[in-house]
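Colleague: data-v8.txt is reproduced below (compact mmCIF, C-alpha atoms).
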```txt
# COMPACT_ATOMS: atom_id res chain seq x y z
CA MET Q 13 -20.40 66.97 -108.36
CA SER Q 14 -23.26 66.05 -110.63
CA ARG Q 15 -25.38 68.74 -112.16
CA THR Q 16 -29.12 68.73 -111.81
CA ALA Q 17 -30.92 67.32 -114.83
CA PRO Q 18 -33.68 69.62 -116.05
CA VAL Q 19 -37.13 68.16 -115.59
CA ALA Q 20 -39.50 69.64 -118.11
CA ILE Q 21 -42.96 68.95 -116.77
CA ALA Q 22 -46.14 70.94 -116.67
CA ILE Q 23 -48.80 70.88 -114.00
CA ALA Q 24 -52.38 71.24 -115.11
CA THR Q 25 -54.76 72.42 -112.46
CA GLY Q 26 -58.18 71.20 -113.45
CA ASP Q 27 -56.71 67.79 -114.21
CA PRO Q 28 -58.61 65.18 -112.20
CA ARG Q 29 -55.27 63.77 -111.08
CA PRO Q 30 -53.89 65.42 -107.94
CA ILE Q 31 -50.69 67.41 -108.50
CA VAL Q 32 -48.73 64.77 -106.53
CA ARG Q 33 -49.89 62.19 -109.06
CA GLN Q 34 -49.15 64.39 -112.06
CA ILE Q 35 -45.54 64.83 -110.96
CA ILE Q 36 -45.11 61.10 -110.31
CA ASP Q 37 -46.57 60.21 -113.72
CA ALA Q 38 -44.46 62.80 -115.53
CA ILE Q 39 -41.19 61.73 -113.93
CA ARG Q 40 -41.92 58.04 -114.46
CA ARG Q 41 -42.66 58.74 -118.10
CA GLN Q 42 -39.44 60.71 -118.50
CA ILE Q 43 -37.46 57.87 -116.97
CA SER Q 44 -39.24 55.30 -119.14
CA THR Q 45 -38.62 57.25 -122.34
CA GLY Q 46 -35.01 57.94 -121.45
CA GLU Q 47 -35.35 61.71 -121.12
CA LEU Q 48 -34.04 61.09 -117.63
CA SER Q 49 -31.43 58.38 -117.39
CA VAL Q 50 -30.00 56.32 -114.57
CA GLY Q 51 -27.80 58.47 -112.35
CA ASP Q 52 -29.36 61.80 -113.34
CA LYS Q 53 -29.83 64.15 -110.43
CA LEU Q 54 -33.30 65.54 -109.86
CA PRO Q 55 -34.08 69.14 -108.96
CA SER Q 56 -34.26 69.89 -105.25
CA VAL Q 57 -37.69 69.88 -103.63
CA ARG Q 58 -37.62 73.64 -103.32
CA GLY Q 59 -36.29 74.05 -106.85
CA LEU Q 60 -39.02 71.98 -108.47
CA ALA Q 61 -41.64 73.68 -106.28
CA GLN Q 62 -40.47 77.07 -107.52
CA GLN Q 63 -40.31 75.87 -111.11
CA LEU Q 64 -43.88 74.60 -111.00
CA GLY Q 65 -45.28 77.23 -108.67
CA ILE Q 66 -46.55 74.74 -106.13
CA ASN Q 67 -46.20 73.90 -102.46
CA PRO Q 68 -42.84 72.19 -101.71
CA ASN Q 69 -44.63 69.63 -99.55
CA THR Q 70 -46.36 68.38 -102.67
CA VAL Q 71 -43.01 67.82 -104.41
CA SER Q 72 -41.74 66.02 -101.28
CA LYS Q 73 -44.68 63.64 -101.38
CA SER Q 74 -44.12 62.84 -105.06
CA TYR Q 75 -40.40 62.27 -104.55
CA ALA Q 76 -41.06 60.06 -101.51
CA GLN Q 77 -43.41 57.86 -103.49
CA LEU Q 78 -41.04 57.64 -106.47
CA ALA Q 79 -38.27 56.64 -104.08
CA ALA Q 80 -40.49 54.06 -102.38
CA GLU Q 81 -41.34 52.59 -105.77
CA GLY Q 82 -37.67 52.38 -106.64
CA TRP Q 83 -37.61 54.97 -109.44
CA LEU Q 84 -35.42 57.34 -107.47
CA GLU Q 85 -32.76 56.83 -104.87
CA SER Q 86 -31.50 59.26 -102.31
CA ARG Q 87 -27.77 59.70 -101.77
CA SER Q 88 -27.27 61.32 -98.43
CA GLY Q 89 -26.26 64.94 -98.66
CA LEU Q 90 -26.25 64.88 -102.45
CA GLY Q 91 -29.91 64.68 -103.36
CA LEU Q 92 -32.15 62.38 -105.34
CA PHE Q 93 -31.04 60.42 -108.39
CA VAL Q 94 -32.69 58.23 -111.00
CA ALA Q 95 -32.21 54.68 -109.73
CA VAL Q 96 -31.32 51.52 -111.57
CA ARG Q 97 -34.65 49.85 -112.28
CA ARG Q 98 -35.43 46.54 -110.78
CA ASP Q 99 -38.64 44.63 -110.91
CA GLN Q 100 -40.41 45.41 -107.73
CA LEU Q 101 -43.98 44.97 -108.71
CA SER Q 102 -45.74 41.87 -107.55
CA THR Q 103 -46.78 39.31 -110.15
CA ALA Q 104 -50.40 40.16 -109.54
CA GLU Q 105 -49.78 43.85 -110.08
CA ARG Q 106 -47.82 43.21 -113.28
CA GLU Q 107 -50.66 41.03 -114.55
CA ARG Q 108 -53.18 43.72 -113.68
CA ARG Q 109 -51.21 46.39 -115.53
CA LEU Q 110 -50.69 44.16 -118.53
CA GLY Q 111 -54.43 43.57 -118.57
CA GLU Q 112 -55.06 47.31 -118.58
CA ALA Q 113 -52.58 47.86 -121.40
CA VAL Q 114 -54.18 45.07 -123.43
CA ASP Q 115 -57.66 46.55 -122.87
CA ARG Q 116 -56.55 49.95 -124.09
CA PHE Q 117 -54.81 48.44 -127.10
CA VAL Q 118 -57.75 46.25 -128.02
CA SER Q 119 -60.26 49.08 -127.80
CA GLU Q 120 -58.11 51.17 -130.16
CA VAL Q 121 -57.74 48.30 -132.60
CA ILE Q 122 -61.47 47.66 -132.60
CA ALA Q 123 -62.22 51.34 -133.06
CA ILE Q 124 -60.15 51.52 -136.24
CA ARG Q 125 -61.38 48.08 -137.46
CA TYR Q 126 -57.90 46.68 -137.90
CA PRO Q 127 -57.55 42.93 -138.65
CA ALA Q 128 -56.62 41.09 -135.44
CA ASP Q 129 -53.75 39.07 -136.89
CA GLU Q 130 -52.07 42.18 -138.31
CA ALA Q 131 -52.47 44.02 -134.99
CA VAL Q 132 -50.87 41.10 -133.14
CA ALA Q 133 -48.02 41.00 -135.63
CA ALA Q 134 -47.46 44.73 -135.21
CA VAL Q 135 -47.18 44.36 -131.43
CA ALA Q 136 -44.76 41.43 -131.77
CA GLY Q 137 -42.66 43.48 -134.18
CA ALA Q 138 -42.54 46.46 -131.83
CA LEU Q 139 -41.50 44.29 -128.89
CA ASP Q 140 -38.79 42.59 -130.98
CA ALA Q 141 -37.42 45.96 -132.04
CA LEU Q 142 -37.28 47.07 -128.39
CA ALA Q 143 -35.44 43.88 -127.36
CA LEU Q 144 -32.90 44.38 -130.16
CA ALA Q 145 -32.34 48.02 -129.19
CA LYS Q 146 -31.69 47.01 -125.58
CA ARG Q 147 -29.16 44.36 -126.55
CA ALA Q 148 -27.33 46.72 -128.88
CA MET D 29 -43.87 81.75 -72.62
CA THR D 30 -46.80 79.48 -71.86
CA THR D 31 -48.99 78.22 -74.63
CA MET D 32 -52.57 77.26 -74.10
CA SER D 33 -52.90 75.83 -77.55
CA ASP D 34 -50.28 74.19 -79.70
CA PHE D 35 -52.01 75.16 -82.90
CA ALA D 36 -51.45 78.13 -85.17
CA ILE D 37 -55.08 78.97 -84.69
CA GLU D 38 -57.80 77.28 -82.71
CA THR D 39 -61.46 77.99 -82.08
CA ARG D 40 -63.73 76.22 -79.63
CA GLY D 41 -67.48 76.51 -79.97
CA LEU D 42 -67.02 79.91 -81.59
CA THR D 43 -70.23 81.75 -82.45
CA ARG D 44 -70.80 85.26 -83.73
CA LEU D 45 -74.14 86.69 -84.72
CA HIS D 46 -74.69 89.41 -87.29
CA GLY D 47 -78.19 90.46 -86.41
CA ARG D 48 -80.14 87.23 -86.47
CA LYS D 49 -77.74 85.52 -88.87
CA ARG D 50 -75.05 83.24 -87.47
CA ALA D 51 -71.90 84.44 -89.23
CA ILE D 52 -69.88 81.89 -87.26
CA ASP D 53 -71.81 78.98 -85.82
CA ALA D 54 -70.30 76.83 -83.04
CA LEU D 55 -67.04 76.54 -84.94
CA ASP D 56 -64.40 74.08 -83.71
CA LEU D 57 -61.35 74.52 -85.90
CA ALA D 58 -57.69 73.77 -85.16
CA LEU D 59 -54.92 74.30 -87.72
CA PRO D 60 -51.41 73.08 -86.94
CA ARG D 61 -48.31 75.25 -87.05
CA GLY D 62 -46.38 75.26 -90.30
CA GLY D 63 -47.67 74.93 -93.84
CA ILE D 64 -50.26 76.72 -95.90
CA HIS D 65 -53.91 76.40 -94.94
CA ALA D 66 -56.57 77.64 -97.34
CA ILE D 67 -60.07 78.54 -96.23
CA ILE D 68 -62.72 78.51 -98.90
CA GLY D 69 -66.43 79.06 -98.84
CA ALA D 70 -69.10 80.94 -100.68
CA ASN D 71 -69.47 84.67 -100.07
CA GLY D 72 -70.83 85.16 -96.57
CA ALA D 73 -69.51 81.82 -95.31
CA GLY D 74 -67.85 83.63 -92.39
CA LYS D 75 -64.20 83.75 -93.48
CA THR D 76 -63.62 87.44 -92.88
CA THR D 77 -65.56 87.38 -89.61
CA LEU D 78 -63.41 84.47 -88.45
CA PHE D 79 -60.20 86.39 -89.23
CA ARG D 80 -61.47 89.47 -87.41
CA ILE D 81 -62.27 87.44 -84.31
CA LEU D 82 -58.93 85.59 -84.41
CA LEU D 83 -57.10 88.92 -84.55
CA GLY D 84 -59.12 90.35 -81.69
CA PHE D 85 -60.82 93.03 -83.80
CA LEU D 86 -64.23 91.56 -83.11
CA SER D 87 -65.62 89.74 -80.06
CA PRO D 88 -67.46 86.45 -80.39
CA ASP D 89 -70.92 86.03 -78.88
CA SER D 90 -69.73 82.77 -77.38
CA GLY D 91 -66.80 80.39 -77.58
CA GLU D 92 -63.07 80.93 -77.60
CA ALA D 93 -60.39 81.74 -80.17
CA PHE D 94 -56.62 81.35 -79.92
CA VAL D 95 -53.81 82.55 -82.15
CA LEU D 96 -50.30 81.12 -81.73
CA GLY D 97 -51.53 79.76 -78.42
CA ARG D 98 -52.72 83.12 -77.08
CA PRO D 99 -56.37 84.06 -76.50
CA SER D 100 -57.47 86.32 -79.36
CA ALA D 101 -59.37 88.62 -77.02
CA THR D 102 -56.26 89.59 -75.07
CA LEU D 103 -53.49 89.79 -77.67
CA ASN D 104 -50.84 92.28 -76.64
CA SER D 105 -48.50 94.24 -78.89
CA GLU D 106 -45.78 91.61 -78.52
CA ASP D 107 -48.18 88.89 -79.73
CA ARG D 108 -49.27 91.05 -82.64
CA ARG D 109 -45.69 91.48 -83.83
CA ARG D 110 -45.66 87.73 -84.56
CA ILE D 111 -48.76 87.94 -86.74
CA GLY D 112 -48.94 89.44 -90.20
CA PHE D 113 -52.33 90.34 -91.56
CA VAL D 114 -53.34 91.55 -94.98
CA ASN D 115 -56.99 92.41 -95.32
CA GLU D 116 -59.06 92.39 -98.44
CA GLU D 117 -59.48 96.14 -98.58
CA HIS D 118 -55.77 96.89 -98.15
CA SER D 119 -56.77 99.90 -96.12
CA MET D 120 -54.13 102.47 -95.23
CA PRO D 121 -54.46 106.23 -94.88
CA GLY D 122 -54.46 107.76 -98.37
CA TRP D 123 -52.32 110.81 -97.64
CA VAL D 124 -49.22 109.01 -96.37
CA THR D 125 -46.35 108.19 -98.75
CA VAL D 126 -45.02 104.76 -99.63
CA ALA D 127 -41.65 105.72 -98.14
CA ALA D 128 -43.23 106.78 -94.83
CA VAL D 129 -45.21 103.55 -94.46
CA LEU D 130 -42.16 101.47 -95.26
CA ALA D 131 -39.97 103.41 -92.82
CA MET D 132 -42.56 102.93 -90.09
CA GLN D 133 -42.86 99.19 -90.72
CA ARG D 134 -39.09 98.76 -90.76
CA ARG D 135 -38.79 100.64 -87.50
CA LEU D 136 -41.56 98.60 -85.87
CA TYR D 137 -39.98 95.32 -86.94
CA ALA D 138 -36.33 96.39 -86.88
CA ASP D 139 -35.32 93.27 -84.93
CA ARG D 140 -36.83 90.84 -87.45
CA TRP D 141 -37.12 92.77 -90.73
CA ASP D 142 -36.70 90.44 -93.74
CA ALA D 143 -35.56 92.73 -96.55
CA ARG D 144 -35.24 89.88 -99.06
CA ALA D 145 -38.86 88.83 -98.65
CA PHE D 146 -40.03 92.44 -98.95
CA ASP D 147 -37.87 93.15 -102.00
CA THR D 148 -38.90 89.95 -103.80
CA VAL D 149 -42.55 90.90 -103.78
CA ILE D 150 -42.20 94.63 -104.22
CA ALA D 151 -39.93 94.16 -107.25
CA SER D 152 -42.91 93.25 -109.41
CA PHE D 153 -44.67 96.52 -108.56
CA ASP D 154 -43.59 99.83 -110.00
CA LEU D 155 -43.90 101.94 -106.88
CA SER D 156 -41.96 105.11 -106.20
CA PRO D 157 -41.24 106.11 -102.61
CA ALA D 158 -42.82 109.55 -103.00
CA GLN D 159 -46.20 108.18 -104.12
CA ARG D 160 -49.08 108.58 -101.75
CA ILE D 161 -51.11 105.51 -100.81
CA GLY D 162 -54.20 107.19 -102.22
CA GLN D 163 -52.58 107.27 -105.68
CA LEU D 164 -51.93 103.53 -105.80
CA SER D 165 -54.19 101.14 -107.65
CA ARG D 166 -55.91 98.33 -105.79
CA GLY D 167 -53.37 95.82 -107.08
CA GLU D 168 -50.46 98.03 -106.07
CA ARG D 169 -51.84 98.44 -102.57
CA ALA D 170 -52.36 94.67 -102.35
CA GLY D 171 -48.76 94.02 -103.34
CA PHE D 172 -47.36 96.70 -101.05
CA ASN D 173 -49.39 95.42 -98.11
CA LEU D 174 -48.33 91.84 -98.67
CA ALA D 175 -44.68 92.84 -99.05
CA LEU D 176 -44.89 94.76 -95.77
CA ALA D 177 -46.42 91.75 -94.03
CA LEU D 178 -43.75 89.39 -95.38
CA GLY D 179 -41.02 91.83 -94.40
CA GLN D 180 -42.30 91.56 -90.86
CA ALA D 181 -41.22 87.85 -90.96
CA PRO D 182 -44.35 86.79 -89.10
CA GLU D 183 -44.80 83.37 -87.53
CA LEU D 184 -48.40 83.48 -88.66
CA LEU D 185 -49.50 85.21 -91.82
CA ILE D 186 -53.22 85.71 -92.29
CA LEU D 187 -54.31 86.79 -95.74
CA ASP D 188 -57.80 87.70 -96.86
CA GLU D 189 -57.95 87.19 -100.65
CA PRO D 190 -54.26 88.03 -101.19
CA THR D 191 -54.23 87.89 -104.98
CA LEU D 192 -57.54 89.59 -105.69
CA GLY D 193 -57.01 92.40 -108.20
CA LEU D 194 -53.44 91.46 -109.08
CA ASP D 195 -52.21 91.04 -112.65
CA VAL D 196 -50.62 87.73 -113.67
CA VAL D 197 -47.05 88.85 -113.04
CA ALA D 198 -47.77 90.24 -109.59
CA ARG D 199 -49.88 87.21 -108.72
CA ARG D 200 -47.06 84.86 -109.62
CA ARG D 201 -44.58 86.85 -107.49
CA VAL D 202 -46.96 86.77 -104.56
CA LEU D 203 -47.46 83.01 -104.86
CA ASP D 204 -43.69 82.51 -105.16
CA ALA D 205 -43.19 84.49 -101.97
CA LEU D 206 -45.72 82.30 -100.17
CA ILE D 207 -44.20 79.08 -101.56
CA ASP D 208 -40.77 80.26 -100.49
CA GLY D 209 -41.67 80.10 -96.81
CA ALA D 210 -44.02 77.15 -97.06
CA ASP D 211 -41.56 74.45 -96.07
CA SER D 212 -40.39 76.34 -93.03
CA GLU D 213 -41.46 75.17 -89.60
CA HIS D 214 -41.60 78.75 -88.45
CA ARG D 215 -44.14 80.09 -90.86
CA THR D 216 -47.83 79.32 -90.97
CA VAL D 217 -49.92 80.86 -93.72
CA ILE D 218 -53.70 80.94 -93.40
CA TYR D 219 -55.53 82.53 -96.26
CA CYS D 220 -58.89 82.58 -97.86
CA SER D 221 -59.44 82.63 -101.54
CA HIS D 222 -61.92 81.98 -104.28
CA GLN D 223 -59.10 80.93 -106.63
CA ILE D 224 -59.32 77.15 -106.47
CA GLU D 225 -56.43 76.80 -108.89
CA GLU D 226 -54.19 78.61 -106.39
CA VAL D 227 -55.50 76.52 -103.54
CA GLU D 228 -54.64 73.34 -105.43
CA ARG D 229 -51.10 74.57 -106.03
CA LEU D 230 -50.42 75.99 -102.58
CA ALA D 231 -52.45 74.52 -99.83
CA ASP D 232 -51.45 71.74 -97.43
CA THR D 233 -54.89 71.93 -95.86
CA LEU D 234 -58.24 72.75 -97.40
CA VAL D 235 -60.78 74.15 -94.95
CA VAL D 236 -64.32 74.47 -96.22
CA LEU D 237 -66.65 76.81 -94.36
CA GLU D 238 -70.33 77.03 -95.06
CA ARG D 239 -72.68 79.43 -93.32
CA GLY D 240 -70.28 79.72 -90.42
CA THR D 241 -69.87 75.99 -89.89
CA LEU D 242 -66.96 73.72 -90.66
CA ARG D 243 -67.49 71.30 -93.55
CA ASN D 244 -64.03 69.97 -94.30
CA VAL D 245 -60.47 69.96 -92.97
CA SER D 246 -58.13 67.76 -95.01
CA ALA D 247 -55.50 67.79 -97.71
CA PRO D 248 -57.07 69.16 -100.93
CA ASP D 249 -56.48 65.78 -102.64
CA ASP D 250 -58.39 63.93 -99.93
CA PHE D 251 -61.33 66.29 -100.30
CA CYS D 252 -61.24 65.82 -104.06
CA ALA D 253 -61.15 62.04 -103.69
CA ARG D 254 -64.48 62.11 -101.84
CA ILE D 255 -66.25 63.53 -104.86
CA SER D 256 -66.89 61.60 -108.05
CA GLN D 257 -68.77 61.95 -111.28
CA TRP D 258 -71.15 59.25 -112.51
CA ILE D 259 -72.80 58.97 -115.88
CA ALA D 260 -75.68 56.54 -116.30
CA ASP D 261 -78.51 55.91 -118.74
CA VAL D 262 -81.22 55.59 -116.13
CA PRO D 263 -84.61 55.51 -117.86
CA PHE D 264 -87.04 58.43 -117.55
CA LYS D 265 -86.34 60.95 -114.81
CA GLY D 266 -84.25 58.61 -112.69
CA PRO D 267 -84.52 57.93 -108.97
CA ASP D 268 -86.01 60.69 -106.80
CA ALA D 269 -84.01 60.61 -103.61
CA ILE D 270 -80.28 59.98 -103.96
CA PRO D 271 -78.22 60.02 -100.76
CA GLY D 272 -74.93 61.86 -101.26
CA LEU D 273 -76.02 63.69 -104.40
CA LEU D 274 -74.29 67.03 -104.94
CA GLN D 275 -75.31 67.88 -108.47
CA HIS D 276 -77.48 66.30 -111.10
CA ARG D 277 -77.80 67.17 -114.78
CA LYS D 278 -79.56 65.41 -117.58
CA ILE D 279 -77.74 65.88 -120.88
CA ASP D 280 -79.07 64.30 -124.10
CA GLY D 281 -81.17 61.92 -122.04
CA VAL D 282 -78.22 60.69 -119.99
CA HIS D 283 -77.97 61.39 -116.25
CA HIS D 284 -74.82 62.98 -114.83
CA TYR D 285 -74.48 62.75 -111.06
CA THR D 286 -71.80 64.43 -108.96
CA MET D 287 -71.62 62.45 -105.75
CA LEU D 288 -70.12 62.77 -102.29
CA ASP D 289 -68.59 59.63 -100.75
CA ALA D 290 -70.16 57.33 -103.33
CA ASP D 291 -68.74 53.82 -103.65
CA THR D 292 -69.63 50.78 -105.70
CA GLY D 293 -72.93 50.68 -103.81
CA PHE D 294 -74.04 53.64 -105.90
CA ALA D 295 -73.51 51.63 -109.09
CA ASP D 296 -75.80 48.92 -107.65
CA PHE D 297 -78.32 51.62 -106.75
CA LEU D 298 -78.32 52.92 -110.33
CA ARG D 299 -78.58 49.41 -111.73
CA ASP D 300 -81.56 48.77 -109.46
CA HIS D 301 -83.16 51.81 -111.08
CA GLY D 302 -82.69 50.38 -114.52
CA ALA D 303 -79.32 51.79 -115.62
CA LYS D 304 -77.72 49.64 -118.31
CA THR D 305 -74.41 51.49 -118.58
CA ILE D 306 -72.68 53.22 -115.71
CA GLN D 307 -69.42 55.11 -115.92
CA THR D 308 -67.55 56.81 -113.11
CA MET D 309 -64.61 59.17 -113.03
CA PRO D 310 -62.77 61.52 -110.69
CA VAL D 311 -63.36 65.28 -110.89
CA PRO D 312 -60.82 68.10 -110.67
CA LEU D 313 -60.69 70.13 -107.46
CA ASP D 314 -62.44 73.20 -108.84
CA ARG D 315 -65.43 71.13 -109.90
CA ALA D 316 -65.41 69.23 -106.61
CA VAL D 317 -65.54 72.49 -104.68
CA ASP D 318 -68.19 73.94 -106.96
CA ALA D 319 -70.38 70.85 -106.66
CA TYR D 320 -69.96 70.77 -102.90
CA LEU D 321 -70.74 74.44 -102.29
CA THR D 322 -73.71 74.53 -104.63
CA ARG D 323 -75.22 71.21 -103.57
CA ASN D 324 -78.16 72.77 -101.79
CA HIS D 325 -79.13 74.65 -104.94
CA ALA D 326 -79.17 71.45 -106.95
CA GLY D 327 -82.66 70.45 -107.90
CA PRO D 328 -82.99 67.54 -110.30
CA ALA D 329 -83.29 68.89 -113.81
CA ALA D 330 -86.50 67.91 -115.51
```
Rewrite the coordinates I just gave you, this time as structure tokens.

Modeller:
Amino acid sequence: MSRTAPVAIAIATGDPRPIVRQIIDAIRRQISTGELSVGDKLPSVRGLAQQLGINPNTVSKSYAQLAAEGWLESRSGLGLFVAVRRDQLSTAERERRLGEAVDRFVSEVIAIRYPADEAVAAVAGALDALALAKRA
Amino acid sequence: MTTMSDFAIETRGLTRLHGRKRAIDALDLALPRGGIHAIIGANGAGKTTLFRILLGFLSPDSGEAFVLGRPSATLNSEDRRRIGFVNEEHSMPGWVTVAAVLAMQRRLYADRWDARAFDTVIASFDLSPAQRIGQLSRGERAGFNLALALGQAPELLILDEPTLGLDVVARRRVLDALIDGADSEHRTVIYCSHQIEEVERLADTLVVLERGTLRNVSAPDDFCARISQWIADVPFKGPDAIPGLLQHRKIDGVHHYTMLDADTGFADFLRDHGAKTIQTMPVPLDRAVDAYLTRNHAGPAA
């Protein structure tokens, strides 16, 4: 029987993002950074609701969306688990998100007046390092 | 048992006058069974009057009200057993002891008494059985009253400002107790509050009342999504009449508009009035509520 992985997230009321969104973002980030890994069991709906002091229906909605997006999978009777990632986003959506990431990056680079070629090299280096780490 | 209404509460064309003022004005409101429904509104919006009518303590001037499918005007003692109510004043006779009140409540609800729910809430209050109600602080009375109502295991729990006057520990225990029953089909909580932060955490439904009329019934997120903030460098004093404007401020020569149901058409509108840069962003729920409830006070700043 797998133990529940702790999910350390904080809800900020007064954040323009709805609480449903905040939970989704936090769990996606934890999965992306490896704080939660494939096969980890998530807290029960009621458990996370108690932990965060929020309505359980809100947790249900977040979990449902994470499951629909393929981040989590439900094993009947056992609960929700971090799923093996597969590419589910459409090409258009991936292009849109890449565009957003590039915009954010570029505005930072401009703000600190960094030479373009060095910024590009830094990104290439970071991506190479990530690819190496994955292969290792 | 026959039900005339499938809702936890329902009002049809409900009106109640206080003198010449319409405390409740042709209100049609239906809240489903199950979940937590929060009613917000400025002081005097009619929340307390609505609760009093629903519970049969006050008669409407016209219209109908139903609670758990029963007409509010003719609730019998069996109906009332299914409804828990905690009022804002937490009124109980001052001379009676904590132990006596508890014993009475347990006897009244012997068949359905939920000791765990009572104990969970009461644990955060340092009450001794021999204390008289008159010796308790406002917060202690609030906690005791709520614990008694939860112990009653009601199908419908109506709370008027349940956490007013509570310290942070007690408040958290109270919210936990409400959350605990929130995913049950057999418990409906309807409460009014000025604590928007609590509403955001707890409520399935946000009901906005204004001067006795219904302004919104939706999930809090959906209400929030209708309201947006726009920042634009419109020259001079900006356009005069703006449909959907809730609040307007001019800060350092830049116009800040809080808008209801504005879409990209509003950006075109601002551009037509000479705006060169336009930014838009979502607002948190507390600001959305504030902007909505104060919209009629909003005059364009000079």

Colleague: Distance CA of Leu288 (chain D)-CA of Ala66 (chain D), one decimal place?

Modeller: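 For CA of Leu288 (chain D) relative to CA of Ala66 (chain D), the distance reads 20.7 Å.
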
Colleague: Distance CA of Asp129 (chain Q)-CA of Arg108 (chain Q), one decimal place?

Modeller: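 It comes out at 23.7 Å.
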
Colleague: Counting all atoms listed in the file, find residues at most 7 Å from (-55.7, 87.4, -91.3) (file frame) and give them as a list in words.

Modeller: Phe79, Phe113, Val114, Asn115, Leu185, Ile186, Leu187, Asp188 and Tyr219 of chain D

Colleague: Only C-alpha atoms, please: the residues just picked out, written as a CSV table (one decimal), in the coordinates of the input.

Modeller:
```csv
chain,number,residue,atom,x,y,z
D,79,PHE,CA,-60.2,86.4,-89.2
D,113,PHE,CA,-52.3,90.3,-91.6
D,114,VAL,CA,-53.3,91.6,-95.0
D,115,ASN,CA,-57.0,92.4,-95.3
D,185,LEU,CA,-49.5,85.2,-91.8
D,186,ILE,CA,-53.2,85.7,-92.3
D,187,LEU,CA,-54.3,86.8,-95.7
D,188,ASP,CA,-57.8,87.7,-96.9
D,219,TYR,CA,-55.5,82.5,-96.3
```

Colleague: Per residue of chain D within 12 Å of chain Q, what are the shortest atom pair and its distance in Å to one decimal, counting all atoms listed in the file, with rows by chain and residue number, as a tab-separated table?

Modeller:
```
residue	atom	partner	partner_atom	distance
D:Gly62	CA	Q:Asn69	CA	11.0
D:Gly63	CA	Q:Asn69	CA	8.4
D:Ile64	CA	Q:Asn67	CA	8.2
D:His65	CA	Q:Asn67	CA	11.1
D:Arg199	CA	Q:Gly65	CA	11.0
D:Arg200	CA	Q:Gly65	CA	7.9
D:Arg201	CA	Q:Gly65	CA	9.7
D:Val202	CA	Q:Gly65	CA	10.5
D:Leu203	CA	Q:Gly65	CA	7.3
D:Asp204	CA	Q:Gly65	CA	6.5
D:Ala205	CA	Q:Gln62	CA	9.7
D:Leu206	CA	Q:Asn67	CA	8.7
D:Ile207	CA	Q:Asn67	CA	5.6
D:Asp208	CA	Q:Gln62	CA	7.7
D:Gly209	CA	Q:Pro68	CA	9.4
D:Ala210	CA	Q:Asn67	CA	6.7
D:Asp211	CA	Q:Pro68	CA	6.2
D:Ser212	CA	Q:Pro68	CA	9.9
D:Glu213	CA	Q:Asn69	CA	11.8
D:Val217	CA	Q:Asn67	CA	11.8
D:Gln223	CA	Q:Thr25	CA	11.2
D:Ile224	CA	Q:Thr25	CA	8.9
D:Glu225	CA	Q:Thr25	CA	5.9
D:Glu226	CA	Q:Ile66	CA	8.6
D:Val227	CA	Q:Ile66	CA	9.5
D:Glu228	CA	Q:Thr25	CA	7.1
D:Arg229	CA	Q:Ile66	CA	4.6
D:Leu230	CA	Q:Asn67	CA	4.7
D:Ala231	CA	Q:Asn67	CA	6.8
D:Asp232	CA	Q:Asn69	CA	7.4
D:Thr233	CA	Q:Asn67	CA	11.1
D:Ala247	CA	Q:Thr70	CA	10.4
D:Pro248	CA	Q:Pro30	CA	8.6
D:Asp249	CA	Q:Pro30	CA	5.9
D:Asp250	CA	Q:Pro30	CA	9.3
D:Phe251	CA	Q:Pro30	CA	10.7
D:Cys252	CA	Q:Pro30	CA	8.3
D:Ala253	CA	Q:Pro30	CA	9.1
D:Ile255	CA	Q:Pro28	CA	10.7
D:Ser256	CA	Q:Pro28	CA	9.9
D:Gln257	CA	Q:Pro28	CA	10.7
D:Met309	CA	Q:Pro28	CA	8.5
D:Pro310	CA	Q:Pro28	CA	5.7
D:Val311	CA	Q:Pro28	CA	4.9
D:Pro312	CA	Q:Pro28	CA	4.0
D:Leu313	CA	Q:Gly26	CA	6.6
D:Asp314	CA	Q:Gly26	CA	6.6
D:Arg315	CA	Q:Gly26	CA	8.1
D:Ala316	CA	Q:Pro28	CA	9.7
D:Val317	CA	Q:Gly26	CA	11.5
```

Colleague: List as a VMD selection string the protein and nucleic acid residues near Gly41 (chain D), meaning an atom at most 6 Å away when all atoms listed in the file are counted, but skip any in the same chain fewer than 3 places from it.

Modeller: chain D and resid 54 to 56 91

Colleague: One decimal, Å: what's the distance from CA of Ile21 (chain Q) over to CA of Leu54 (chain Q), could you say?

Modeller: 12.4 Å

Colleague: Go through Q:Ala20, Q:Ile36, Q:Ala104, Q:Val132 and flag the residue nearest Glu81 (chain Q), using only C-alpha atoms for the distances.

Modeller: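 Residue with the minimum atom-to-atom distance to Glu81 (chain Q): Q:Ile36.
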
Colleague: As JSON, numbers by chain, please: the residues near Thr286 (chain D) (cut-off 12 Å, all atoms listed in the file, same-chain neighbours under 3 positions excluded).

Modeller: {"D": [252, 254, 255, 256, 257, 258, 259, 260, 270, 271, 272, 273, 274, 275, 276, 277, 278, 283, 289, 290, 294, 307, 308, 309, 310, 311, 312, 315, 316, 317, 318, 319, 320, 322, 323, 326, 328]}

Colleague: For Thr216 (chain D), which residue among D:Lys304, D:Arg134, D:Arg61, D:Arg98 is the nearest when counting all atoms listed in the file?

Modeller: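 Going through D:Lys304, D:Arg134, D:Arg61, D:Arg98 one by one, the smallest distance to Thr216 (chain D) is for D:Arg61.
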
Colleague: Of the residues D:Ala145, D:Val262, D:Cys220, D:Val282, which is the one nearest to Val235 (chain D), using only C-alpha atoms?

Modeller: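 Answer, going by the shortest atom-to-atom distance: D:Cys220.
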